[in-house]
$ cat run-v9.tsv   # TSV, C-alpha atoms
chain	number	residue	atom	x	y	z
A	1	MET	CA	151.51	42.99	88.66
A	2	LYS	CA	151.21	39.24	88.21
A	3	ALA	CA	148.99	36.95	90.30
A	4	LEU	CA	148.54	33.19	90.40
A	5	LEU	CA	144.97	31.87	90.56
A	6	CYS	CA	144.74	28.33	91.95
A	7	MET	CA	141.22	27.18	91.18
A	8	ASP	CA	139.23	24.28	92.63
A	9	PHE	CA	142.15	22.28	94.02
A	10	GLU	CA	139.81	20.95	96.68
A	11	ASN	CA	139.31	17.55	98.21
A	12	ASP	CA	135.97	16.70	96.60
A	13	ILE	CA	137.46	17.19	93.13
A	14	VAL	CA	141.07	15.99	93.30
A	15	HIS	CA	141.61	13.87	96.43
A	16	PRO	CA	141.13	10.13	95.70
A	17	ASP	CA	138.38	10.07	98.38
A	18	GLY	CA	136.59	13.13	96.96
A	19	LYS	CA	132.96	13.03	95.88
A	20	VAL	CA	133.66	13.73	92.18
A	21	SER	CA	137.36	12.84	91.85
A	22	GLY	CA	136.38	9.51	90.30
A	23	LYS	CA	135.42	11.34	87.11
A	24	GLY	CA	139.12	11.19	86.26
A	25	TYR	CA	140.63	14.11	88.17
A	26	ALA	CA	142.45	12.09	90.85
A	27	ALA	CA	143.82	9.72	88.21
A	28	TYR	CA	144.96	12.60	85.97
A	29	ASN	CA	146.78	14.16	88.93
A	30	ALA	CA	148.40	10.83	89.80
A	31	ASP	CA	149.53	10.32	86.19
A	32	ASN	CA	150.85	13.86	85.70
A	33	ASN	CA	152.01	14.96	89.18
A	34	THR	CA	150.04	18.18	88.68
A	35	VAL	CA	149.55	19.12	92.33
A	36	ALA	CA	153.28	18.81	93.06
A	37	THR	CA	154.03	20.96	90.01
A	38	LEU	CA	151.55	23.57	91.20
A	39	ARG	CA	153.19	23.66	94.62
A	40	THR	CA	156.52	24.52	92.96
A	41	VAL	CA	154.83	27.33	91.01
A	42	GLN	CA	153.12	28.65	94.14
A	43	ASP	CA	156.49	28.81	95.87
A	44	LYS	CA	157.96	30.78	92.94
A	45	PHE	CA	155.17	33.36	93.19
A	46	ARG	CA	155.56	33.57	96.97
A	47	GLU	CA	159.33	34.00	96.74
A	48	ALA	CA	158.81	36.79	94.18
A	49	GLY	CA	156.37	38.53	96.54
A	50	LEU	CA	153.48	38.06	94.12
A	51	PRO	CA	149.91	37.16	95.12
A	52	VAL	CA	148.71	33.57	95.22
A	53	VAL	CA	144.90	33.52	95.15
A	54	HIS	CA	142.83	30.41	95.93
A	55	VAL	CA	139.38	29.83	94.45
A	56	ARG	CA	136.99	27.08	95.49
A	57	VAL	CA	133.50	26.03	94.53
A	58	GLY	CA	131.00	25.26	97.24
A	59	PHE	CA	127.57	25.72	98.73
A	60	SER	CA	126.24	26.33	102.20
A	61	PRO	CA	124.88	23.21	103.96
A	62	SER	CA	121.36	24.22	102.83
A	63	TYR	CA	122.56	24.32	99.20
A	64	ALA	CA	120.64	27.59	98.81
A	65	GLU	CA	123.14	28.85	96.18
A	66	GLN	CA	123.18	25.62	94.18
A	67	PRO	CA	121.86	25.81	90.60
A	68	LYS	CA	119.49	22.85	90.87
A	69	GLY	CA	118.80	22.87	87.11
A	70	SER	CA	122.47	22.64	86.15
A	71	PRO	CA	123.59	19.43	84.41
A	72	LEU	CA	126.97	19.94	86.08
A	73	MET	CA	126.08	21.00	89.65
A	74	GLY	CA	122.38	20.20	89.97
A	75	GLN	CA	122.81	16.88	91.78
A	76	ALA	CA	125.52	17.92	94.27
A	77	HIS	CA	123.10	18.17	97.19
A	78	LYS	CA	121.96	14.56	96.70
A	79	PHE	CA	125.36	13.17	97.58
A	80	GLY	CA	126.71	15.96	99.77
A	81	ALA	CA	129.32	17.29	97.34
A	82	PHE	CA	130.79	20.78	97.70
A	83	ASP	CA	129.37	21.37	101.18
A	84	LEU	CA	131.28	24.37	102.55
A	85	SER	CA	130.96	23.06	106.10
A	86	GLY	CA	132.88	19.88	105.35
A	87	TRP	CA	136.18	18.32	104.28
A	88	GLY	CA	135.26	18.23	100.59
A	89	THR	CA	135.68	21.97	100.01
A	90	GLU	CA	138.94	22.23	101.92
A	91	PHE	CA	141.97	22.78	99.72
A	92	LEU	CA	144.38	19.91	99.17
A	93	ASP	CA	147.03	20.08	101.88
A	94	GLU	CA	149.88	20.29	99.37
A	95	VAL	CA	148.57	23.48	97.73
A	96	ALA	CA	146.48	25.04	100.52
A	97	PRO	CA	146.58	28.77	101.25
A	98	GLN	CA	149.43	30.02	103.38
A	99	GLY	CA	149.29	32.96	105.75
A	100	ASP	CA	146.81	35.59	104.63
A	101	GLU	CA	146.49	34.46	101.02
A	102	LEU	CA	143.15	35.38	99.53
A	103	VAL	CA	140.42	32.74	99.29
A	104	ILE	CA	137.47	33.30	96.96
A	105	THR	CA	134.39	31.07	97.19
A	106	LYS	CA	132.24	30.73	94.09
A	107	HIS	CA	128.92	29.05	93.42
A	108	ARG	CA	129.25	28.59	89.66
A	109	VAL	CA	131.89	27.41	87.16
A	110	GLY	CA	133.75	30.67	86.49
A	111	SER	CA	135.80	32.40	89.16
A	112	PHE	CA	134.49	35.91	88.44
A	113	PHE	CA	130.72	35.31	88.41
A	114	SER	CA	129.16	36.89	91.53
A	115	THR	CA	132.48	36.96	93.41
A	116	PRO	CA	134.73	39.85	94.51
A	117	LEU	CA	137.62	38.53	92.40
A	118	GLU	CA	137.72	41.24	89.74
A	119	LEU	CA	137.47	44.11	92.22
A	120	THR	CA	140.10	42.56	94.47
A	121	LEU	CA	142.60	41.89	91.67
A	122	LYS	CA	142.21	45.38	90.23
A	123	THR	CA	142.52	46.96	93.68
A	124	MET	CA	145.76	45.02	94.16
A	125	GLY	CA	147.05	46.34	90.82
A	126	VAL	CA	147.04	42.94	89.10
A	127	THR	CA	147.23	43.12	85.31
A	128	ASP	CA	148.37	39.57	84.49
A	129	VAL	CA	146.64	36.44	85.78
A	130	TYR	CA	148.29	33.03	85.68
A	131	LEU	CA	145.71	30.25	85.79
A	132	ALA	CA	146.01	26.79	87.33
A	133	GLY	CA	142.98	24.67	88.04
A	134	VAL	CA	140.76	21.68	87.81
A	135	ALA	CA	139.00	21.09	85.54
A	136	THR	CA	140.86	22.63	82.63
A	137	ASP	CA	137.75	22.58	80.45
A	138	MET	CA	135.54	24.01	83.18
A	139	VAL	CA	136.91	26.55	85.68
A	140	VAL	CA	140.16	27.27	83.84
A	141	GLU	CA	138.60	27.84	80.44
A	142	SER	CA	135.65	29.76	81.87
A	143	THR	CA	137.91	31.97	83.98
A	144	ALA	CA	140.29	32.54	81.06
A	145	ARG	CA	137.41	33.85	78.96
A	146	GLU	CA	136.09	36.02	81.79
A	147	ALA	CA	139.54	37.40	82.63
A	148	HIS	CA	140.20	38.19	78.98
A	149	ASP	CA	136.93	40.11	78.71
A	150	ARG	CA	137.82	42.06	81.86
A	151	ASP	CA	141.06	43.19	80.19
A	152	PHE	CA	143.48	41.07	82.19
A	153	THR	CA	146.41	39.53	80.33
A	154	VAL	CA	145.79	35.80	80.68
A	155	HIS	CA	148.40	33.05	81.01
A	156	VAL	CA	147.48	29.38	81.42
A	157	ILE	CA	150.06	27.14	83.07
A	158	ALA	CA	149.11	23.94	81.25
A	159	ASP	CA	151.00	21.49	83.47
A	160	CYS	CA	149.26	23.00	86.51
A	161	CYS	CA	145.83	22.14	85.13
A	162	ILE	CA	143.87	18.90	85.54
A	163	ALA	CA	141.18	17.52	83.26
A	164	ALA	CA	139.15	14.32	83.42
A	165	ASN	CA	141.25	12.91	80.58
A	166	ASN	CA	143.94	13.88	78.06
A	167	GLU	CA	141.39	14.61	75.32
A	168	ASP	CA	139.51	17.15	77.47
A	169	GLN	CA	142.83	18.71	78.46
A	170	GLN	CA	144.10	19.15	74.91
A	171	ARG	CA	140.79	20.40	73.51
A	172	SER	CA	140.53	23.04	76.22
A	173	ILE	CA	144.16	24.16	75.88
A	174	THR	CA	143.59	24.55	72.12
A	175	ASN	CA	140.46	26.63	72.77
A	176	MET	CA	142.31	28.93	75.15
A	177	GLU	CA	145.18	29.62	72.73
A	178	LYS	CA	142.95	32.30	71.19
A	179	LEU	CA	142.60	34.16	74.52
A	180	ALA	CA	145.71	33.40	76.52
A	181	THR	CA	149.39	32.60	76.48
A	182	ILE	CA	149.81	28.87	77.12
A	183	LEU	CA	152.96	27.85	78.96
A	184	ASP	CA	154.40	25.10	81.12
A	185	SER	CA	155.76	25.70	84.60
A	186	GLY	CA	159.33	25.37	83.35
A	187	ASP	CA	158.79	28.37	81.04
A	188	LEU	CA	157.49	30.61	83.84
A	189	SER	CA	159.32	33.92	84.17
A	190	LEU	CA	158.29	36.27	86.95
A	191	ALA	CA	160.89	38.96	86.25

$ encode --input "run-v9.tsv" --output "structure tokens"
Amino acid sequence: MKALLCMDFENDIVHPDGKVSGKGYAAYNADNNTVATLRTVQDKFREAGLPVVHVRVGFSPSYAEQPKGSPLMGQAHKFGAFDLSGWGTEFLDEVAPQGDELVITKHRVGSFFSTPLELTLKTMGVTDVYLAGVATDMVVESTAREAHDRDFTVHVIADCCIAANNEDQQRSITNMEKLATILDSGDLSLA
């Protein structure tokens, strides 16, 4: 079975008013219409009766789970980013979960680390994961590697991924070619 993983499409990262969207993610989305493309892909999976799974990064208001020594996440508590009790960790309205779609909350870069994602996907009979996310060189690449090593067949939908800039996007896509099938949304076949 195929499943779509929509990773970190949350307000703090992609919305123009988000705490870290100024690193280039909101601009990349605006330039490439990525969120609208993802919504079309989500609808294709839903119409085919296939799972759409949503992953977000966040921390409790105490930031107890935050890796304070991380160059990437270590300062989040200082400016209130990724607080699970607030607007920043809500999914963008355009690509938010519908109905009883699964939501996984993670506290690190990759979607599998210390989450129930692997167990849940395998219980559902998922063999092929289709990845969409922000940032391409962070959650998407990390999750592609983890999924590959857990024996999932990995597909990266390149035009449903957002990076801080075109260089980061292309470098990461090139890296993932060794582990995954890279495709664009127009090439997606769910038959």

$ residues_around --input "run-v9.tsv" --residues "stretch 13-18 of chain A" --least-positions-apart "2" --cutoff "10 Å" --atoms "all atoms listed in the file" --output "PyMOL selection string"
chain A and resi 8-11+20-30+35+57+81-82+87-89+91-93+134-135+162

$ closest_residue --input "run-v9.tsv" --among "A:His107, A:Glu167, A:Leu102, A:Thr136" --to "A:Gly74" --atoms "all atoms listed in the file"
A:His107

$ residues_around --input "run-v9.tsv" --residues "stretch 62-72 of chain A" --least-positions-apart "2" --cutoff "12 Å" --atoms "only C-alpha atoms" --output "PDB file with C-alpha atoms, in the coordinates of the input"
ATOM      1  CA  VAL A  20     133.660  13.730  92.180  1.00  0.00           C
ATOM      2  CA  VAL A  57     133.500  26.030  94.530  1.00  0.00           C
ATOM      3  CA  GLY A  58     131.000  25.260  97.240  1.00  0.00           C
ATOM      4  CA  PHE A  59     127.570  25.720  98.730  1.00  0.00           C
ATOM      5  CA  SER A  60     126.240  26.330 102.200  1.00  0.00           C
ATOM      6  CA  GLY A  74     122.380  20.200  89.970  1.00  0.00           C
ATOM      7  CA  GLN A  75     122.810  16.880  91.780  1.00  0.00           C
ATOM      8  CA  ALA A  76     125.520  17.920  94.270  1.00  0.00           C
ATOM      9  CA  HIS A  77     123.100  18.170  97.190  1.00  0.00           C
ATOM     10  CA  LYS A  78     121.960  14.560  96.700  1.00  0.00           C
ATOM     11  CA  PHE A  79     125.360  13.170  97.580  1.00  0.00           C
ATOM     12  CA  GLY A  80     126.710  15.960  99.770  1.00  0.00           C
ATOM     13  CA  ALA A  81     129.320  17.290  97.340  1.00  0.00           C
ATOM     14  CA  PHE A  82     130.790  20.780  97.700  1.00  0.00           C
ATOM     15  CA  ASP A  83     129.370  21.370 101.180  1.00  0.00           C
ATOM     16  CA  LEU A  84     131.280  24.370 102.550  1.00  0.00           C
ATOM     17  CA  SER A  85     130.960  23.060 106.100  1.00  0.00           C
ATOM     18  CA  THR A 105     134.390  31.070  97.190  1.00  0.00           C
ATOM     19  CA  LYS A 106     132.240  30.730  94.090  1.00  0.00           C
ATOM     20  CA  HIS A 107     128.920  29.050  93.420  1.00  0.00           C
ATOM     21  CA  ARG A 108     129.250  28.590  89.660  1.00  0.00           C
ATOM     22  CA  VAL A 109     131.890  27.410  87.160  1.00  0.00           C
ATOM     23  CA  SER A 114     129.160  36.890  91.530  1.00  0.00           C
ATOM     24  CA  MET A 138     135.540  24.010  83.180  1.00  0.00           C
ATOM     25  CA  VAL A 139     136.910  26.550  85.680  1.00  0.00           C
TER      26      VAL A 139
END

$ atom_distance --input "run-v9.tsv" --atom1 "atom CA of A:Lys2" --atom2 "atom CA of A:Asp159"
18.4 Å

$ closest_residue --input "run-v9.tsv" --among "A:Met73, A:Ile157, A:Leu50, A:Ala147" --to "A:Leu188" --atoms "all atoms listed in the file"
A:Ile157

$ closest_residue --input "run-v9.tsv" --among "A:Ile182, A:Val52, A:Ala36, A:Val95" --to "A:Met124" --atoms "only C-alpha atoms"
A:Val52

$ closest_residue --input "run-v9.tsv" --among "A:Asp187, A:Glu47, A:Asp151, A:Asp137" --to "A:Gly110" --atoms "all atoms listed in the file"
A:Asp137

$ atom_distance --input "run-v9.tsv" --atom1 "atom CA of A:Glu94" --atom2 "atom CA of A:Phe152"
27.7 Å

$ closest_residue --input "run-v9.tsv" --among "A:Met7, A:Ala144, A:Val129, A:Ala191" --to "A:Ile173" --atoms "only C-alpha atoms"
A:Ala144

$ atom_distance --input "run-v9.tsv" --atom1 "atom CA of A:Ala96" --atom2 "atom CA of A:Lys122"
23.2 Å

$ residues_around --input "run-v9.tsv" --residues "A:Glu146" --least-positions-apart "6" --cutoff "10 Å" --atoms "only C-alpha atoms" --output "MDAnalysis selection string"
chainID A and resid 110:113 118 140 152 154 179

$ write_last_selection --input "run-v9.tsv" --atoms "C-alpha atoms" --output "short mmCIF file (atom, residue, chain, number, x, y, z; two decimals), in the coordinates of the input"
data_model
loop_
_atom_site.label_atom_id
_atom_site.label_comp_id
_atom_site.auth_asym_id
_atom_site.auth_seq_id
_atom_site.Cartn_x
_atom_site.Cartn_y
_atom_site.Cartn_z
CA GLY A 110 133.75 30.67 86.49
CA SER A 111 135.80 32.40 89.16
CA PHE A 112 134.49 35.91 88.44
CA PHE A 113 130.72 35.31 88.41
CA GLU A 118 137.72 41.24 89.74
CA VAL A 140 140.16 27.27 83.84
CA PHE A 152 143.48 41.07 82.19
CA VAL A 154 145.79 35.80 80.68
CA LEU A 179 142.60 34.16 74.52
#

$ closest_residue --input "run-v9.tsv" --among "A:Thr181, A:Thr115, A:Asn166, A:Ser172" --to "A:Tyr130" --atoms "all atoms listed in the file"
A:Thr181

$ residues_around --input "run-v9.tsv" --residues "A:Ala48" --least-positions-apart "4" --cutoff "9 Å" --atoms "all atoms listed in the file" --output "list in words"
Asp43, Lys44, Leu190 and Ala191 of chain A

$ residues_around --input "run-v9.tsv" --residues "A:Gly99" --least-positions-apart "4" --cutoff "12 Å" --atoms "all atoms listed in the file" --output "PyMOL selection string"
chain A and resi 46+51-53+103
